[in-house]
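Visitor: Hey, dropping protein_20.pdb in here, PDB, C-alpha atoms:
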ATOM      1  CA  MET R  28      -7.013  13.465  28.482  1.00  0.00           C
ATOM      2  CA  PRO R  29      -6.724   9.736  29.283  1.00  0.00           C
ATOM      3  CA  ASP R  30      -3.607   8.608  31.101  1.00  0.00           C
ATOM      4  CA  ARG R  31      -0.651   6.994  29.360  1.00  0.00           C
ATOM      5  CA  THR R  32      -1.558   3.441  30.405  1.00  0.00           C
ATOM      6  CA  THR R  33      -5.068   3.802  28.995  1.00  0.00           C
ATOM      7  CA  LEU R  34      -3.761   5.229  25.724  1.00  0.00           C
ATOM      8  CA  GLU R  35      -1.170   2.473  25.352  1.00  0.00           C
ATOM      9  CA  ALA R  36      -3.850  -0.170  25.960  1.00  0.00           C
ATOM     10  CA  GLU R  37      -6.093   1.455  23.350  1.00  0.00           C
ATOM     11  CA  LEU R  38      -3.217   1.517  20.877  1.00  0.00           C
ATOM     12  CA  ARG R  39      -2.609  -2.218  21.415  1.00  0.00           C
ATOM     13  CA  ASP R  40      -6.320  -2.892  20.905  1.00  0.00           C
ATOM     14  CA  LEU R  41      -6.346  -0.816  17.730  1.00  0.00           C
ATOM     15  CA  ASP R  42      -3.351  -2.750  16.420  1.00  0.00           C
ATOM     16  CA  GLU R  43      -5.112  -6.073  17.035  1.00  0.00           C
ATOM     17  CA  ARG R  44      -8.212  -4.761  15.259  1.00  0.00           C
ATOM     18  CA  ARG R  45      -6.038  -3.572  12.347  1.00  0.00           C
ATOM     19  CA  GLU R  46      -4.592  -7.060  11.960  1.00  0.00           C
ATOM     20  CA  ARG R  47      -8.100  -8.570  11.870  1.00  0.00           C
ATOM     21  CA  ILE R  48      -9.262  -6.052   9.270  1.00  0.00           C
ATOM     22  CA  GLU R  49      -6.193  -6.712   7.136  1.00  0.00           C
ATOM     23  CA  ARG R  50      -6.970 -10.457   7.197  1.00  0.00           C
ATOM     24  CA  VAL R  51     -10.523  -9.701   6.017  1.00  0.00           C
ATOM     25  CA  LEU R  52      -9.111  -7.451   3.318  1.00  0.00           C
ATOM     26  CA  ARG R  53      -6.661 -10.127   2.116  1.00  0.00           C
ATOM     27  CA  GLY R  54      -9.503 -12.645   1.975  1.00  0.00           C
ATOM     28  CA  ALA R  55     -11.654 -10.268  -0.054  1.00  0.00           C
ATOM     29  CA  LEU R  56      -8.813  -9.626  -2.494  1.00  0.00           C
ATOM     30  CA  ASP R  57      -8.151 -13.356  -2.858  1.00  0.00           C
ATOM     31  CA  ARG R  58     -11.832 -14.024  -3.550  1.00  0.00           C
ATOM     32  CA  GLN R  59     -11.836 -11.329  -6.216  1.00  0.00           C
ATOM     33  CA  ARG R  60      -8.755 -12.796  -7.825  1.00  0.00           C
ATOM     34  CA  PHE R  61      -9.663 -16.473  -7.725  1.00  0.00           C
ATOM     35  CA  ALA R  62     -13.461 -16.759  -7.642  1.00  0.00           C
ATOM     36  CA  GLY R  63     -15.138 -17.805 -10.848  1.00  0.00           C
ATOM     37  CA  ASP R  64     -18.607 -16.737  -9.756  1.00  0.00           C
ATOM     38  CA  PRO R  65     -19.420 -13.076 -10.512  1.00  0.00           C
ATOM     39  CA  GLN R  66     -21.635 -12.851  -7.409  1.00  0.00           C
ATOM     40  CA  ILE R  67     -18.771 -13.980  -5.174  1.00  0.00           C
ATOM     41  CA  VAL R  68     -16.530 -11.377  -6.813  1.00  0.00           C
ATOM     42  CA  ALA R  69     -19.162  -8.656  -6.289  1.00  0.00           C
ATOM     43  CA  ASN R  70     -19.557  -9.637  -2.632  1.00  0.00           C
ATOM     44  CA  ALA R  71     -15.779  -9.620  -2.215  1.00  0.00           C
ATOM     45  CA  GLN R  72     -15.602  -6.123  -3.713  1.00  0.00           C
ATOM     46  CA  ALA R  73     -18.196  -4.930  -1.197  1.00  0.00           C
ATOM     47  CA  ASP R  74     -16.234  -6.608   1.604  1.00  0.00           C
ATOM     48  CA  GLU R  75     -13.084  -4.850   0.390  1.00  0.00           C
ATOM     49  CA  ARG R  76     -14.792  -1.437   0.405  1.00  0.00           C
ATOM     50  CA  ASN R  77     -16.150  -2.011   3.905  1.00  0.00           C
ATOM     51  CA  ALA R  78     -12.787  -3.220   5.216  1.00  0.00           C
ATOM     52  CA  LEU R  79     -10.990  -0.222   3.715  1.00  0.00           C
ATOM     53  CA  ARG R  80     -13.530   2.155   5.233  1.00  0.00           C
ATOM     54  CA  GLU R  81     -13.123   0.523   8.635  1.00  0.00           C
ATOM     55  CA  LEU R  82      -9.330   0.512   8.295  1.00  0.00           C
ATOM     56  CA  ASP R  83      -9.351   4.227   7.475  1.00  0.00           C
ATOM     57  CA  ARG R  84     -11.350   5.035  10.621  1.00  0.00           C
ATOM     58  CA  LEU R  85      -9.123   2.814  12.720  1.00  0.00           C
ATOM     59  CA  MET R  86      -5.920   4.389  11.407  1.00  0.00           C
ATOM     60  CA  THR R  87      -7.320   7.867  12.048  1.00  0.00           C
ATOM     61  CA  ARG R  88      -8.019   6.887  15.655  1.00  0.00           C
ATOM     62  CA  SER R  89      -4.556   5.311  15.973  1.00  0.00           C
ATOM     63  CA  ARG R  90      -2.914   8.544  14.843  1.00  0.00           C
ATOM     64  CA  ALA R  91      -4.992  10.496  17.373  1.00  0.00           C
ATOM     65  CA  VAL R  92      -3.956   8.170  20.206  1.00  0.00           C
ATOM     66  CA  GLU R  93      -0.314   8.339  19.126  1.00  0.00           C
ATOM     67  CA  GLY R  94      -0.557  12.137  19.105  1.00  0.00           C
ATOM     68  CA  GLN R  95      -1.947  12.153  22.632  1.00  0.00           C
ATOM     69  CA  LEU R  96       0.888   9.893  23.780  1.00  0.00           C
ATOM     70  CA  LEU R  97       3.446  12.209  22.195  1.00  0.00           C
ATOM     71  CA  GLN R  98       1.853  15.194  23.924  1.00  0.00           C
ATOM     72  CA  GLN R  99       2.030  13.430  27.270  1.00  0.00           C
ATOM     73  CA  ARG R 100       5.664  12.474  26.728  1.00  0.00           C
ATOM     74  CA  GLY R 101       6.456  16.067  25.852  1.00  0.00           C
ATOM     75  CA  ASN R 102       4.783  17.302  29.045  1.00  0.00           C
ATOM     76  CA  THR R 103       6.762  15.021  31.361  1.00  0.00           C
TER      77      THR R 103
END
Please rewrite the model in this file as structure tokens.
Guide:
Amino acid sequence: MPDRTTLEAELRDLDERRERIERVLRGALDRQRFAGDPQIVANAQADERNALRELDRLMTRSRAVEGQLLQQRGNT
């Protein structure tokens, strides 16, 4: 199992990535809401699906890292 410092660094990185994905997601939702062009709306819907898929994977990894940190804290 990686050490605590490595896990904490990964968790910080995951949080930064989450913020970027959430910005992409907000942009996609705004384009869906305000775009008049159906093609732009369709592209925004695809962007939303991709961002949600990526966010789901990222959150799964975040929970795994948090679990490893909790295990290490319990073992010390």
Visitor: For Asn77 (chain R), list every protein, DNA or RNA residue within 12 Å, evaluated using all atoms listed in the file, and leave out those in the same chain fewer than 3 positions away; present the list as a list of chain:residue names.
Guide: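 Near neighbours after the sequence-gap exclusion: R:Ile48, R:Glu49, R:Val51, R:Leu52, R:Ala55, R:Asn70, R:Ala71, R:Gln72, R:Ala73, R:Asp74, R:Arg80, R:Glu81, R:Leu82, R:Asp83, R:Arg84.
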Visitor: Keeping only C-alpha atoms, take the residues you just selected and write them out as a PDB file, in the coordinates of the input.
Guide:
ATOM      1  CA  ILE R  48      -9.262  -6.052   9.270  1.00  0.00           C
ATOM      2  CA  GLU R  49      -6.193  -6.712   7.136  1.00  0.00           C
ATOM      3  CA  VAL R  51     -10.523  -9.701   6.017  1.00  0.00           C
ATOM      4  CA  LEU R  52      -9.111  -7.451   3.318  1.00  0.00           C
ATOM      5  CA  ALA R  55     -11.654 -10.268  -0.054  1.00  0.00           C
ATOM      6  CA  ASN R  70     -19.557  -9.637  -2.632  1.00  0.00           C
ATOM      7  CA  ALA R  71     -15.779  -9.620  -2.215  1.00  0.00           C
ATOM      8  CA  GLN R  72     -15.602  -6.123  -3.713  1.00  0.00           C
ATOM      9  CA  ALA R  73     -18.196  -4.930  -1.197  1.00  0.00           C
ATOM     10  CA  ASP R  74     -16.234  -6.608   1.604  1.00  0.00           C
ATOM     11  CA  ARG R  80     -13.530   2.155   5.233  1.00  0.00           C
ATOM     12  CA  GLU R  81     -13.123   0.523   8.635  1.00  0.00           C
ATOM     13  CA  LEU R  82      -9.330   0.512   8.295  1.00  0.00           C
ATOM     14  CA  ASP R  83      -9.351   4.227   7.475  1.00  0.00           C
ATOM     15  CA  ARG R  84     -11.350   5.035  10.621  1.00  0.00           C
TER      16      ARG R  84
END
Visitor: Please measure the separation of CA of Arg31 (chain R) and CA of Ala91 (chain R), giving the value in Å to one decimal.
Guide: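 According to the coordinates, CA of Arg31 (chain R) and CA of Ala91 (chain R) are separated by 13.2 Å.
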Visitor: How many Å separate CA of Arg47 (chain R) from CA of Ala78 (chain R)?
Guide: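 These two atoms are separated by 9.7 Å.
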Visitor: Nearest to Asp42 (chain R) among R:Asp30, R:Arg76, R:Asp64, R:Met86, with distances taken over all atoms listed in the file: which residue is it?
Guide: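 The shortest atom-to-atom distance to Asp42 (chain R) comes from R:Met86.
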Visitor: Using Å and a single decimal, report how far CA of Glu75 (chain R) sits from CA of Glu35 (chain R).
Guide: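 So the answer is 28.6 Å.
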Visitor: R:Leu34, R:Asp57, R:Arg39, R:Arg88: which is nearest Arg100 (chain R), counting all atoms listed in the file?
Guide: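 So, comparing all the options, the nearest one is R:Leu34.
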Visitor: Using only C-alpha atoms, which of R:Leu97, R:Ile67, R:Val92, R:Leu79 sits nearest Thr33 (chain R)?
Guide: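 When distances to Thr33 (chain R) are compared using only C-alpha atoms, the smallest one comes from R:Val92.
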Visitor: Which one is closest to Pro29 (chain R): R:Leu85, R:Leu56, R:Val68, R:Leu96? Count all atoms listed in the file.
Guide: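 Answer, going by the shortest atom-to-atom distance: R:Leu96.
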Visitor: Give, as AutoDock Vina command-line options, the centre coordinates and the x, y and z edge lengths in Å to one decimal for an axis-aligned box around all listed atoms of region 55-74 of chain R, padded by 5 Å on each side.
Guide:
--center_x -14.9 --center_y -11.4 --center_z -4.6 --size_x 23.5 --size_y 22.9 --size_z 22.5
